[in-house]
Amino acid sequence: FVVIGTTLYARDKYDGDELWSMRLPGVPSTSPTADNNRLYVGTLEGSVYAFDLALIRRLNNEGRLAQYRDETVVWRYQTSGEIVAAPVADDKRVVFASKIGSLFAVTPNSRELAFQFESNAPAAAPLDLVRSDEPGQDTIYYAAGDTNFYALRAANGTTKWLYVAGSPIREKPHPIGDSVYLVPVGAGMYDLSAENGRVRWWAPSARQFVAASPTRVYATDEGGRIAARRREDVALR
């Protein structure tokens, strides 16, 4: 999905051909995100829209999408500030953040507010929502503009742990297994424990996370060179 101006385009992921396009009801402020049933877009005036993907496809096939665009809106949730972090969703909740430092979690079908979390600064990096095999242990990762990095319980929005990075966080956190890889601007890469937020190791020369395998993690340095290290090591190789 791609947004250009106020028009949303769906393109084939294999060849890039346009599948359908639709004019949005507001000016988007985030990239579109989707789950199996819904498509979500945040706007400059503080709304998040949820669209019915199946209905969009059907109306497009019938040549009636432009005429009945409004019928594809499942719900609209209005906040008091521009949406600055694109919605992330699973089958239990849709999570998004506004410019005034508020994070919202609503139910995906009825937009009922599950919780609202307040921070002292707006989101500075994309959100992440991680499911757990353990009941009640799903986690939302939220990087605020005051360099605070929160792990929130997705069930109720309470703080699981807080890590103060000390430098701005612009890159999306990378939760993998029992680690969360965090790359504050110009401050290296940290391996934080997903359980309690404690620093396991710090790679000061790293500047951007690239990938991770079960045994290694890869990052680029200031010169753009890719360096690898064993995930249990202490120093970047």
# chains A, B, ... in the order shown; residues from 1 in each chain; ligands from 1

$ residues_around --residues "range 212-228 of chain A" --least-positions-apart "5" --cutoff "9 Å" --atoms "only C-alpha atoms" --output "PyMOL selection string"
chain A and resi 176-177+186+188-189+205-207+236-237

$ closest_atom_pairs --of "range 5-124 of chain A" --to "range 139-163 of chain A" --cutoff "8 Å" --atoms "only C-alpha atoms" --output "Markdown table"
| residue | atom | partner | partner_atom | distance |
| --- | --- | --- | --- | --- |
| A:Gly101 | CA | A:Ala144 | CA | 7.7 |
| A:Ala114 | CA | A:Asn156 | CA | 7.1 |
| A:Phe115 | CA | A:Gly157 | CA | 6.1 |
| A:Gln116 | CA | A:Gly157 | CA | 6.9 |
| A:Phe117 | CA | A:Gly157 | CA | 6.1 |
| A:Ser119 | CA | A:Ala144 | CA | 7.3 |
| A:Asn120 | CA | A:Asp146 | CA | 7.2 |
| A:Ala121 | CA | A:Gly145 | CA | 5.1 |
| A:Pro122 | CA | A:Ala144 | CA | 5.5 |
| A:Ala123 | CA | A:Ala144 | CA | 4.4 |
| A:Ala124 | CA | A:Gly145 | CA | 4.9 |

$ closest_residue --among "A:Arg11, A:Arg111, A:Arg38, A:Arg131" --to "Tyr77 in chain A" --atoms "only C-alpha atoms"
A:Arg111

$ residues_around --residues "Ser31 in chain A" --least-positions-apart "3" --cutoff "12 Å" --atoms "only C-alpha atoms" --output "VMD selection string"
chain A and resid 1 to 9 27 to 28 34 39 to 44 48 83 to 88 96 126

$ write_last_selection --atoms "N, CA, C and O atoms" --output "short mmCIF file (atom, residue, chain, number, x, y, z; two decimals), in the first residue's frame"
data_model
loop_
_atom_site.label_atom_id
_atom_site.label_comp_id
_atom_site.auth_asym_id
_atom_site.auth_seq_id
_atom_site.Cartn_x
_atom_site.Cartn_y
_atom_site.Cartn_z
N PHE A 1 0.84 -1.18 0.00
CA PHE A 1 0.00 0.00 0.00
C PHE A 1 0.89 1.25 0.00
O PHE A 1 1.86 1.33 0.75
N VAL A 2 0.51 2.23 -0.82
CA VAL A 2 1.27 3.46 -0.96
C VAL A 2 0.30 4.63 -0.94
O VAL A 2 -0.78 4.56 -1.55
N VAL A 3 0.68 5.71 -0.24
CA VAL A 3 -0.12 6.93 -0.24
C VAL A 3 0.64 8.01 -0.97
O VAL A 3 1.81 8.28 -0.68
N ILE A 4 -0.03 8.64 -1.93
CA ILE A 4 0.51 9.80 -2.63
C ILE A 4 -0.54 10.90 -2.54
O ILE A 4 -1.66 10.76 -3.06
N GLY A 5 -0.18 11.99 -1.85
CA GLY A 5 -1.17 13.04 -1.61
C GLY A 5 -2.27 12.50 -0.71
O GLY A 5 -2.01 12.02 0.39
N THR A 6 -3.50 12.55 -1.17
CA THR A 6 -4.62 12.00 -0.41
C THR A 6 -5.19 10.75 -1.07
O THR A 6 -6.31 10.34 -0.76
N THR A 7 -4.43 10.14 -1.94
CA THR A 7 -4.88 8.93 -2.62
C THR A 7 -4.09 7.72 -2.15
O THR A 7 -2.87 7.75 -2.07
N LEU A 8 -4.82 6.67 -1.84
CA LEU A 8 -4.24 5.41 -1.40
C LEU A 8 -4.22 4.44 -2.57
O LEU A 8 -5.24 4.23 -3.24
N TYR A 9 -3.04 3.84 -2.82
CA TYR A 9 -2.88 2.89 -3.92
C TYR A 9 -2.53 1.52 -3.35
O TYR A 9 -1.70 1.41 -2.44
N VAL A 27 -6.26 14.07 5.16
CA VAL A 27 -4.87 14.17 4.71
C VAL A 27 -4.02 13.23 5.58
O VAL A 27 -3.95 13.41 6.80
N PRO A 28 -3.41 12.22 4.98
CA PRO A 28 -2.68 11.24 5.80
C PRO A 28 -1.41 11.82 6.41
O PRO A 28 -0.73 12.64 5.81
N ALA A 34 -1.88 -2.63 7.55
CA ALA A 34 -3.02 -3.51 7.34
C ALA A 34 -2.84 -4.81 8.11
O ALA A 34 -1.71 -5.25 8.38
N LEU A 39 -7.55 -2.06 6.87
CA LEU A 39 -6.44 -1.17 6.51
C LEU A 39 -6.59 0.08 7.36
O LEU A 39 -7.69 0.62 7.49
N TYR A 40 -5.47 0.56 7.93
CA TYR A 40 -5.51 1.68 8.86
C TYR A 40 -4.62 2.82 8.37
O TYR A 40 -3.51 2.59 7.88
N VAL A 41 -5.13 4.05 8.53
CA VAL A 41 -4.37 5.25 8.14
C VAL A 41 -4.61 6.33 9.19
O VAL A 41 -5.76 6.58 9.59
N GLY A 42 -3.53 6.97 9.64
CA GLY A 42 -3.63 8.12 10.53
C GLY A 42 -3.59 9.41 9.74
O GLY A 42 -2.99 9.47 8.66
N THR A 43 -4.21 10.47 10.26
CA THR A 43 -4.33 11.73 9.51
C THR A 43 -3.80 12.91 10.30
O THR A 43 -3.64 12.86 11.53
N LEU A 44 -3.59 14.01 9.57
CA LEU A 44 -3.07 15.24 10.17
C LEU A 44 -4.02 15.82 11.20
O LEU A 44 -3.59 16.44 12.17
N VAL A 48 -7.80 8.33 13.10
CA VAL A 48 -7.36 7.07 12.52
C VAL A 48 -8.58 6.42 11.88
O VAL A 48 -9.64 6.30 12.51
N ILE A 83 -1.75 12.32 14.16
CA ILE A 83 -1.24 10.97 14.37
C ILE A 83 0.18 10.91 13.80
O ILE A 83 0.39 11.15 12.61
N VAL A 84 1.15 10.60 14.67
CA VAL A 84 2.55 10.64 14.25
C VAL A 84 3.19 9.26 14.14
O VAL A 84 4.29 9.14 13.60
N ALA A 85 2.54 8.24 14.68
CA ALA A 85 3.06 6.87 14.58
C ALA A 85 2.01 6.01 13.91
O ALA A 85 0.87 5.94 14.37
N ALA A 86 2.38 5.37 12.81
CA ALA A 86 1.43 4.56 12.06
C ALA A 86 0.84 3.47 12.95
O ALA A 86 1.52 2.89 13.79
N PRO A 87 -0.45 3.17 12.77
CA PRO A 87 -1.07 2.13 13.58
C PRO A 87 -0.40 0.77 13.40
O PRO A 87 0.04 0.42 12.30
N VAL A 88 -0.33 0.03 14.49
CA VAL A 88 0.07 -1.38 14.46
C VAL A 88 -1.09 -2.17 15.04
O VAL A 88 -1.79 -1.70 15.94
N PHE A 96 -1.87 3.22 18.19
CA PHE A 96 -1.33 4.36 17.43
C PHE A 96 -1.01 5.48 18.41
O PHE A 96 -1.42 5.44 19.58
N PRO A 126 8.82 4.46 14.79
CA PRO A 126 7.66 3.58 14.61
C PRO A 126 7.40 2.70 15.81
O PRO A 126 8.32 2.28 16.51
#

$ select_by_dssp --residues "range 6-116 of chain A" --states "helix (DSSP H, G or I)" --output "CSV table (one decimal) with C-alpha atoms, in the first residue's frame"
chain,number,residue,atom,x,y,z
A,53,LEU,CA,-10.3,-4.5,2.7
A,54,ALA,CA,-12.8,-7.1,1.4
A,55,LEU,CA,-15.4,-4.5,0.6
A,56,ILE,CA,-12.8,-2.3,-1.1
A,57,ARG,CA,-11.8,-5.2,-3.4
A,58,ARG,CA,-15.4,-6.0,-4.1
A,59,LEU,CA,-16.4,-2.5,-4.9
A,60,ASN,CA,-13.4,-2.1,-7.1
A,61,ASN,CA,-14.2,-5.2,-9.1
A,69,ARG,CA,-15.8,5.0,-0.9
A,70,ASP,CA,-17.4,6.1,2.3
A,71,GLU,CA,-19.1,2.8,2.8
A,72,THR,CA,-15.6,1.1,3.2

$ closest_residue --among "A:Glu82, A:Asp91, A:Asp15, A:Glu62" --to "Asn109 in chain A" --atoms "only C-alpha atoms"
A:Asp91

$ atom_distance --atom1 "CA of Ala165 in chain A" --atom2 "CA of Leu192 in chain A"
11.0 Å

$ select_by_dssp --residues "range 15-129 of chain A" --states "strand (DSSP E or B)" --output "JSON, numbers by chain"
{"A": [18, 19, 20, 21, 22, 23, 28, 33, 34, 38, 39, 40, 41, 42, 43, 47, 48, 49, 50, 51, 52, 73, 74, 75, 76, 77, 78, 83, 84, 85, 86, 87, 88, 89, 94, 95, 96, 97, 98, 102, 103, 104, 105, 106, 113, 114, 115, 116, 117, 118, 123, 128, 129]}

$ closest_residue --among "A:Leu19, A:Ala125, A:Ser193, A:Ser132" --to "Pro168 in chain A" --atoms "only C-alpha atoms"
A:Ala125

$ atom_distance --atom1 "CA of Ile169 in chain A" --atom2 "CA of Ser102 in chain A"
17.2 Å
